[in-house]
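K.L.:
As input, take entry-v2.tsv (TSV, C-alpha atoms and all ligand atoms):
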chain	number	residue	atom	x	y	z
A	1047	MET	CA	101.34	122.25	136.34
A	1048	ASP	CA	99.67	121.75	139.70
A	1049	THR	CA	101.15	119.65	142.46
A	1050	ARG	CA	98.19	117.68	143.75
A	1051	ASN	CA	98.85	114.22	145.07
A	1052	TYR	CA	98.44	112.11	141.93
A	1053	GLN	CA	98.28	108.33	142.19
A	1054	ILE	CA	98.40	107.15	138.64
A	1055	VAL	CA	98.36	103.81	136.83
A	1056	PHE	CA	99.29	103.16	133.20
A	1057	LEU	CA	97.61	100.12	131.65
A	1058	GLY	CA	98.14	98.71	128.17
A	1059	PRO	CA	99.56	95.72	126.35
A	1060	GLN	CA	103.25	95.06	125.83
A	1061	GLY	CA	104.58	97.50	123.27
A	1062	SER	CA	101.79	100.05	123.82
A	1063	GLY	CA	104.35	102.64	124.90
A	1064	LYS	CA	102.89	102.94	128.40
A	1065	GLY	CA	106.37	102.86	129.95
A	1066	THR	CA	107.54	105.70	127.71
A	1067	GLN	CA	104.42	107.73	128.51
A	1068	ALA	CA	104.77	107.04	132.24
A	1069	GLU	CA	108.36	108.32	132.18
A	1070	LYS	CA	107.45	111.48	130.24
A	1071	LEU	CA	104.59	112.32	132.60
A	1072	ALA	CA	106.79	111.59	135.64
A	1073	VAL	CA	109.29	114.24	134.55
A	1074	ILE	CA	106.54	116.86	134.35
A	1075	LEU	CA	104.76	115.92	137.58
A	1076	ASN	CA	108.04	115.10	139.35
A	1077	LEU	CA	106.80	111.72	140.56
A	1078	PRO	CA	108.54	108.34	140.82
A	1079	VAL	CA	107.71	105.68	138.21
A	1080	ILE	CA	107.29	102.25	139.69
A	1081	ALA	CA	107.59	99.64	136.94
A	1082	THR	CA	107.15	96.09	138.17
A	1083	GLY	CA	108.81	94.70	135.01
A	1084	ASP	CA	111.97	96.73	135.73
A	1085	MET	CA	111.92	95.71	139.38
A	1086	TYR	CA	111.63	92.08	138.37
A	1087	ARG	CA	114.39	92.33	135.75
A	1088	ARG	CA	116.70	93.68	138.47
A	1089	GLU	CA	115.61	90.95	140.89
A	1090	ALA	CA	115.99	88.20	138.25
A	1091	ALA	CA	119.57	89.28	137.60
A	1092	LYS	CA	120.47	88.46	141.21
A	1093	LEU	CA	121.68	84.97	142.00
A	1094	THR	CA	119.15	84.43	144.77
A	1095	ILE	CA	116.38	81.86	145.15
A	1096	LEU	CA	113.78	84.61	144.65
A	1097	GLY	CA	115.71	85.92	141.63
A	1098	GLU	CA	115.73	82.47	140.01
A	1099	LYS	CA	112.04	81.96	140.71
A	1100	ILE	CA	111.15	85.30	139.12
A	1101	SER	CA	113.42	84.63	136.16
A	1102	TRP	CA	111.56	81.35	135.51
A	1103	TYR	CA	108.18	83.12	135.27
A	1104	MET	CA	109.55	85.94	133.13
A	1105	HIS	CA	111.17	83.65	130.58
A	1106	GLN	CA	107.92	81.74	130.15
A	1107	GLY	CA	106.00	84.97	129.63
A	1108	LYS	CA	103.96	84.18	132.76
A	1109	LEU	CA	103.01	86.53	135.57
A	1110	VAL	CA	104.93	86.31	138.82
A	1111	PRO	CA	102.44	85.12	141.51
A	1112	ASP	CA	100.24	87.81	143.04
A	1113	ASP	CA	101.45	87.32	146.62
A	1114	ILE	CA	105.05	88.12	145.62
A	1115	THR	CA	104.01	91.07	143.43
A	1116	ASN	CA	101.57	92.58	145.92
A	1117	ALA	CA	104.12	92.41	148.73
A	1118	LEU	CA	106.73	94.07	146.50
A	1119	ILE	CA	104.40	96.94	145.56
A	1120	THR	CA	103.00	97.50	149.05
A	1121	LYS	CA	106.56	97.85	150.37
A	1122	ARG	CA	107.59	100.17	147.53
A	1123	LEU	CA	104.55	102.46	147.92
A	1124	GLY	CA	105.41	102.85	151.60
A	1125	GLN	CA	108.70	104.54	150.77
A	1126	PRO	CA	109.06	108.29	151.35
A	1127	ASP	CA	109.35	109.27	147.66
A	1128	CYS	CA	105.77	108.02	147.10
A	1129	ARG	CA	104.25	110.38	149.67
A	1130	ARG	CA	103.58	113.05	147.03
A	1131	GLY	CA	102.17	110.47	144.63
A	1132	PHE	CA	103.48	107.94	142.10
A	1133	ILE	CA	103.03	106.45	138.66
A	1134	LEU	CA	102.63	102.69	138.36
A	1135	ASP	CA	103.63	100.97	135.12
A	1136	GLY	CA	102.79	97.28	134.71
A	1137	TYR	CA	100.75	96.98	137.91
A	1138	PRO	CA	98.00	95.99	138.54
A	1139	ARG	CA	97.85	93.19	135.98
A	1140	THR	CA	95.28	90.95	137.70
A	1141	ILE	CA	92.05	91.72	139.52
A	1142	ALA	CA	93.62	90.40	142.75
A	1143	GLN	CA	96.41	92.96	142.31
A	1144	ALA	CA	93.85	95.72	141.72
A	1145	GLN	CA	92.13	94.71	144.96
A	1146	ALA	CA	95.41	94.67	146.89
A	1147	LEU	CA	96.27	98.09	145.49
A	1148	ALA	CA	92.90	99.51	146.55
A	1149	GLU	CA	93.68	98.49	150.12
A	1150	VAL	CA	96.81	100.63	150.29
A	1151	THR	CA	95.98	103.62	148.09
A	1152	LYS	CA	93.24	105.57	146.33
A	1153	LEU	CA	94.06	106.01	142.65
A	1154	THR	CA	93.31	109.33	140.97
A	1155	HIS	CA	93.93	108.43	137.29
A	1156	VAL	CA	94.13	105.23	135.26
A	1157	MET	CA	95.45	105.63	131.72
A	1158	LEU	CA	94.65	102.86	129.27
A	1159	ILE	CA	97.04	103.12	126.34
A	1160	ASP	CA	95.16	101.17	123.69
A	1161	ILE	CA	96.79	99.41	120.74
A	1162	SER	CA	95.89	96.32	118.72
A	1163	ASP	CA	97.81	93.06	119.08
A	1164	ALA	CA	99.09	93.45	115.52
A	1165	ALA	CA	100.57	96.85	116.36
A	1166	ALA	CA	101.98	95.49	119.64
A	1167	LEU	CA	103.83	92.70	117.82
A	1168	VAL	CA	105.32	95.13	115.28
A	1169	ARG	CA	106.42	97.49	118.03
A	1170	ILE	CA	108.00	94.82	120.22
A	1171	ALA	CA	109.98	93.59	117.22
A	1172	GLY	CA	111.97	96.85	117.25
A	1173	ARG	CA	112.26	97.37	120.99
A	1174	VAL	CA	115.67	97.62	122.65
A	1175	MET	CA	116.51	98.47	126.22
A	1176	CYS	CA	119.32	99.45	128.54
A	1177	GLN	CA	120.31	97.91	131.88
A	1178	CYS	CA	119.41	101.28	133.45
A	1179	GLY	CA	115.76	100.70	132.49
A	1180	ALA	CA	115.55	103.14	129.54
A	1181	THR	CA	113.70	101.72	126.55
A	1182	TYR	CA	113.94	102.66	122.87
A	1183	HIS	CA	112.45	101.60	119.58
A	1184	LEU	CA	114.68	101.31	116.53
A	1185	LYS	CA	112.09	103.09	114.36
A	1186	PHE	CA	109.70	105.03	116.60
A	1187	ASN	CA	112.04	106.17	119.38
A	1188	PRO	CA	115.68	105.56	118.41
A	1189	PRO	CA	118.64	106.51	120.63
A	1190	ILE	CA	120.83	109.38	119.37
A	1191	GLU	CA	123.77	107.03	118.81
A	1192	ARG	CA	122.88	103.60	117.40
A	1193	GLY	CA	123.03	100.86	120.05
A	1194	VAL	CA	123.98	103.22	122.91
A	1195	CYS	CA	121.78	104.51	125.74
A	1196	ASP	CA	121.18	108.32	125.65
A	1197	LYS	CA	120.87	108.41	129.43
A	1198	CYS	CA	123.89	106.42	130.66
A	1199	GLY	CA	126.01	105.42	127.64
A	1200	GLN	CA	125.72	101.65	128.15
A	1201	ARG	CA	125.08	99.30	125.23
A	1202	LEU	CA	121.45	98.55	124.35
A	1203	ALA	CA	120.10	95.02	123.98
A	1204	VAL	CA	116.87	93.24	123.06
A	1205	ARG	CA	114.96	92.07	126.13
A	1206	LYS	CA	115.19	88.29	126.62
A	1207	ASP	CA	111.43	87.88	126.92
A	1208	ASP	CA	110.88	89.97	123.76
A	1209	GLN	CA	113.14	87.63	121.76
A	1210	GLN	CA	110.95	84.61	122.37
A	1211	GLU	CA	107.93	84.66	120.10
A	1212	LEU	CA	106.12	82.09	122.24
A	1213	ALA	CA	106.65	84.00	125.49
A	1214	LEU	CA	105.53	87.17	123.77
A	1215	ARG	CA	102.27	85.70	122.51
A	1216	GLN	CA	101.71	84.22	125.96
A	1217	ARG	CA	102.15	87.69	127.53
A	1218	LEU	CA	99.58	89.21	125.16
A	1219	LYS	CA	97.16	86.36	125.82
A	1220	ILE	CA	97.45	86.83	129.58
A	1221	TYR	CA	97.02	90.58	129.17
A	1222	HIS	CA	93.67	90.08	127.42
A	1223	GLN	CA	92.51	87.44	129.91
A	1224	GLU	CA	93.17	89.68	132.88
A	1225	ILE	CA	92.55	93.22	131.71
A	1226	ASP	CA	88.75	93.37	131.20
A	1227	PRO	CA	87.68	93.16	134.88
A	1228	ILE	CA	90.43	95.64	135.78
A	1229	ILE	CA	89.17	98.10	133.16
A	1230	ALA	CA	85.57	97.61	134.34
A	1231	ARG	CA	86.58	98.32	137.92
A	1232	TYR	CA	88.30	101.61	137.09
A	1233	GLU	CA	85.66	102.64	134.57
A	1234	GLY	CA	83.04	102.13	137.29
A	1235	ALA	CA	85.09	104.33	139.62
A	1236	GLY	CA	85.14	107.06	136.94
A	1237	ILE	CA	88.95	107.27	136.82
A	1238	LEU	CA	89.68	105.44	133.56
A	1239	HIS	CA	90.99	107.40	130.55
A	1240	ARG	CA	91.26	105.58	127.23
A	1241	ILE	CA	93.99	106.91	124.98
A	1242	ASN	CA	94.71	105.80	121.43
A	1243	GLY	CA	98.31	104.56	121.57
A	1244	GLU	CA	98.68	103.94	117.84
A	1245	ARG	CA	100.08	107.41	117.22
A	1246	LEU	CA	103.35	109.28	117.59
A	1247	ILE	CA	104.80	109.39	121.12
A	1248	GLU	CA	104.36	113.17	121.32
A	1249	ASP	CA	100.70	113.03	120.24
A	1250	VAL	CA	99.89	110.43	122.88
A	1251	HIS	CA	101.83	112.48	125.46
A	1252	ARG	CA	99.81	115.60	124.63
A	1253	ASP	CA	96.55	113.75	125.35
A	1254	VAL	CA	97.94	112.34	128.60
A	1255	LEU	CA	99.12	115.76	129.72
A	1256	ALA	CA	95.78	117.40	128.92
A	1257	LEU	CA	94.27	115.43	131.82
A	1258	PHE	CA	96.57	117.16	134.30
A	1259	SER	CA	96.65	120.70	133.04
A	1260	GLN	CA	93.15	121.88	133.95
A	1301	LIG	P1	106.96	94.04	131.61
A	1301	LIG	O1	108.29	94.69	131.50
A	1301	LIG	O2	105.96	94.94	132.28
A	1301	LIG	O3	106.46	93.49	130.30
A	1301	LIG	O4	107.12	92.79	132.60
A	1301	LIG	C1	108.01	91.73	132.32
A	1301	LIG	C2	107.65	90.49	133.13
A	1301	LIG	O5	107.73	90.79	134.54
A	1301	LIG	C3	106.23	89.97	132.94
A	1301	LIG	O6	106.11	89.15	131.79
A	1301	LIG	C4	106.02	89.19	134.24
A	1301	LIG	O7	106.70	87.95	134.24
A	1301	LIG	C5	106.70	90.09	135.26
A	1301	LIG	N1	105.75	91.11	135.79
A	1301	LIG	C6	105.78	92.46	135.59
A	1301	LIG	N2	104.77	93.07	136.21
A	1301	LIG	C7	104.05	92.09	136.81
A	1301	LIG	C8	102.87	92.08	137.60
A	1301	LIG	N3	102.20	93.20	137.90
A	1301	LIG	N4	102.43	90.88	138.07
A	1301	LIG	C9	103.09	89.74	137.81
A	1301	LIG	N5	104.20	89.69	137.05
A	1301	LIG	C10	104.69	90.84	136.56
Using the file provided, produce a representation of the structure as structure tokens.
Ligand code: AMP

P.N.:
Amino acid sequence: MDTRNYQIVFLGPQGSGKGTQAEKLAVILNLPVIATGDMYRREAAKLTILGEKISWYMHQGKLVPDDITNALITKRLGQPDCRRGFILDGYPRTIAQAQALAEVTKLTHVMLIDISDAAALVRIAGRVMCQCGATYHLKFNPPIERGVCDKCGQRLAVRKDDQQELALRQRLKIYHQEIDPIIARYEGAGILHRINGERLIEDVHRDVLALFSQ
């Protein structure tokens, strides 16, 4: 595997498996994964004014405002571990975020992990996660020991915003409203790769990897 400076984005609806694919690719390319959802879950758990504000948006299934998100990402991408490249998961999610990102970096690859809404809803229904950020699916990607994280041994739980049907549908609706201009932008730049996400994790991973092994 070569060690060029890759600046990668994973796009896709909730439940598409983009987080799982981002993590698998990160191990091979030895790059940090920057997942805004994980960053926000950590922030929301803090008893700060910002934490409470973020928690409010998350529980409604709404996006945290762009100014907060862009500032968070710009700061994170400036850290030393991103010098060799990075993988973004869950950002950009609006065209304003894509514009802000273009001001601080030049992306090399955008992966669109495509699945239908029907498949997304089925997948989210079985999703469990750990406080450490690891995610599993009871059917498609189960932990070795039921209810326990393979990576750190803590107990797994269903994400709060996955439990609420209304918030979930709202998240999918927002995804569709926002994603088309983002896709058009990256397609125009010739860096978009569409990948069928309605397959086994390893099959999707093989297609992702093929883009980096030439
Ligand atoms: P996720 O784990 O990616 O589904 O994100 C969970 C929640 O975090 C979202 O529903 C939003 O409230 C918030 N969030 C994550 N990424 C972003 C983003 N790029 N822009 C705004 N809000 C975000």

K.L.:
Excluding stretch 1163-1172 of chain A and residues on its chain fewer than 3 positions from it, collect all residues at most 10 Å away from it, counting all atoms listed in the file, and give them as a PDB file with C-alpha atoms, in the frame of the given file.

P.N.:
ATOM      1  CA  GLY A1058      98.140  98.710 128.170  1.00  0.00           C
ATOM      2  CA  PRO A1059      99.560  95.720 126.350  1.00  0.00           C
ATOM      3  CA  GLN A1060     103.250  95.060 125.830  1.00  0.00           C
ATOM      4  CA  GLY A1061     104.580  97.500 123.270  1.00  0.00           C
ATOM      5  CA  SER A1062     101.790 100.050 123.820  1.00  0.00           C
ATOM      6  CA  GLY A1063     104.350 102.640 124.900  1.00  0.00           C
ATOM      7  CA  ASP A1160      95.160 101.170 123.690  1.00  0.00           C
ATOM      8  CA  TYR A1182     113.940 102.660 122.870  1.00  0.00           C
ATOM      9  CA  HIS A1183     112.450 101.600 119.580  1.00  0.00           C
ATOM     10  CA  LEU A1184     114.680 101.310 116.530  1.00  0.00           C
ATOM     11  CA  LYS A1185     112.090 103.090 114.360  1.00  0.00           C
ATOM     12  CA  PHE A1186     109.700 105.030 116.600  1.00  0.00           C
ATOM     13  CA  ASN A1187     112.040 106.170 119.380  1.00  0.00           C
ATOM     14  CA  PRO A1188     115.680 105.560 118.410  1.00  0.00           C
ATOM     15  CA  VAL A1204     116.870  93.240 123.060  1.00  0.00           C
ATOM     16  CA  ARG A1205     114.960  92.070 126.130  1.00  0.00           C
ATOM     17  CA  ASP A1208     110.880  89.970 123.760  1.00  0.00           C
ATOM     18  CA  GLN A1209     113.140  87.630 121.760  1.00  0.00           C
ATOM     19  CA  GLU A1211     107.930  84.660 120.100  1.00  0.00           C
ATOM     20  CA  LEU A1214     105.530  87.170 123.770  1.00  0.00           C
ATOM     21  CA  ARG A1215     102.270  85.700 122.510  1.00  0.00           C
ATOM     22  CA  LEU A1218      99.580  89.210 125.160  1.00  0.00           C
ATOM     23  CA  LYS A1219      97.160  86.360 125.820  1.00  0.00           C
ATOM     24  CA  HIS A1222      93.670  90.080 127.420  1.00  0.00           C
ATOM     25  CA  GLY A1243      98.310 104.560 121.570  1.00  0.00           C
ATOM     26  CA  GLU A1244      98.680 103.940 117.840  1.00  0.00           C
TER      27      GLU A1244
END

K.L.:
For A:Val1150, which residue out of A:Cys1198, A:Val1174, A:Ala1117, A:Ala1180 is the nearest one, using all atoms listed in the file?

P.N.:
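That would be A:Ala1117, the residue with the smallest distance to A:Val1150.
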
K.L.:
Could you give me, as a CSV table (one decimal) with C-alpha atoms, keeping the file's coordinate frame, every polymer residue with an atom at most 9 Å away from an atom of ligand LIG 1301 (chain A), counting only C-alpha atoms and all ligand atoms?

P.N.:
chain,number,residue,atom,x,y,z
A,1059,PRO,CA,99.6,95.7,126.4
A,1060,GLN,CA,103.2,95.1,125.8
A,1061,GLY,CA,104.6,97.5,123.3
A,1065,GLY,CA,106.4,102.9,130.0
A,1081,ALA,CA,107.6,99.6,136.9
A,1082,THR,CA,107.2,96.1,138.2
A,1083,GLY,CA,108.8,94.7,135.0
A,1084,ASP,CA,112.0,96.7,135.7
A,1085,MET,CA,111.9,95.7,139.4
A,1086,TYR,CA,111.6,92.1,138.4
A,1087,ARG,CA,114.4,92.3,135.8
A,1100,ILE,CA,111.2,85.3,139.1
A,1101,SER,CA,113.4,84.6,136.2
A,1102,TRP,CA,111.6,81.4,135.5
A,1103,TYR,CA,108.2,83.1,135.3
A,1104,MET,CA,109.6,85.9,133.1
A,1105,HIS,CA,111.2,83.6,130.6
A,1106,GLN,CA,107.9,81.7,130.2
A,1107,GLY,CA,106.0,85.0,129.6
A,1108,LYS,CA,104.0,84.2,132.8
A,1109,LEU,CA,103.0,86.5,135.6
A,1110,VAL,CA,104.9,86.3,138.8
A,1111,PRO,CA,102.4,85.1,141.5
A,1112,ASP,CA,100.2,87.8,143.0
A,1114,ILE,CA,105.0,88.1,145.6
A,1115,THR,CA,104.0,91.1,143.4
A,1116,ASN,CA,101.6,92.6,145.9
A,1119,ILE,CA,104.4,96.9,145.6
A,1135,ASP,CA,103.6,101.0,135.1
A,1136,GLY,CA,102.8,97.3,134.7
A,1137,TYR,CA,100.8,97.0,137.9
A,1138,PRO,CA,98.0,96.0,138.5
A,1139,ARG,CA,97.8,93.2,136.0
A,1140,THR,CA,95.3,91.0,137.7
A,1143,GLN,CA,96.4,93.0,142.3
A,1205,ARG,CA,115.0,92.1,126.1
A,1207,ASP,CA,111.4,87.9,126.9
A,1208,ASP,CA,110.9,90.0,123.8
A,1213,ALA,CA,106.6,84.0,125.5
A,1214,LEU,CA,105.5,87.2,123.8
A,1216,GLN,CA,101.7,84.2,126.0
A,1217,ARG,CA,102.2,87.7,127.5

K.L.:
Just give me the gap between atom CA of A:Val1156 and atom CA of A:Gly1179 in Å, one decimal is fine.

P.N.:
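One can read the atom CA of A:Val1156 to atom CA of A:Gly1179 distance as 22.3 Å.
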
K.L.:
For A:Thr1066, which of A:Gln1053, A:Val1079, A:Arg1231, A:Pro1126 is the closest residue, counting all atoms listed in the file?

P.N.:
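Smallest distance to A:Thr1066 is found for A:Val1079.
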
K.L.:
So, with all atoms listed in the file as the atoms that count, which of A:Arg1201, A:Phe1132, A:Asp1226, A:Thr1151 lies closest to A:Val1073?

P.N.:
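Distance minimum relative to A:Val1073 lands on A:Phe1132.
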
K.L.:
Just the number, please: distance in Å from atom CA of A:Met1175 to atom CA of A:Thr1154, one decimal.

P.N.:
29.6 Å
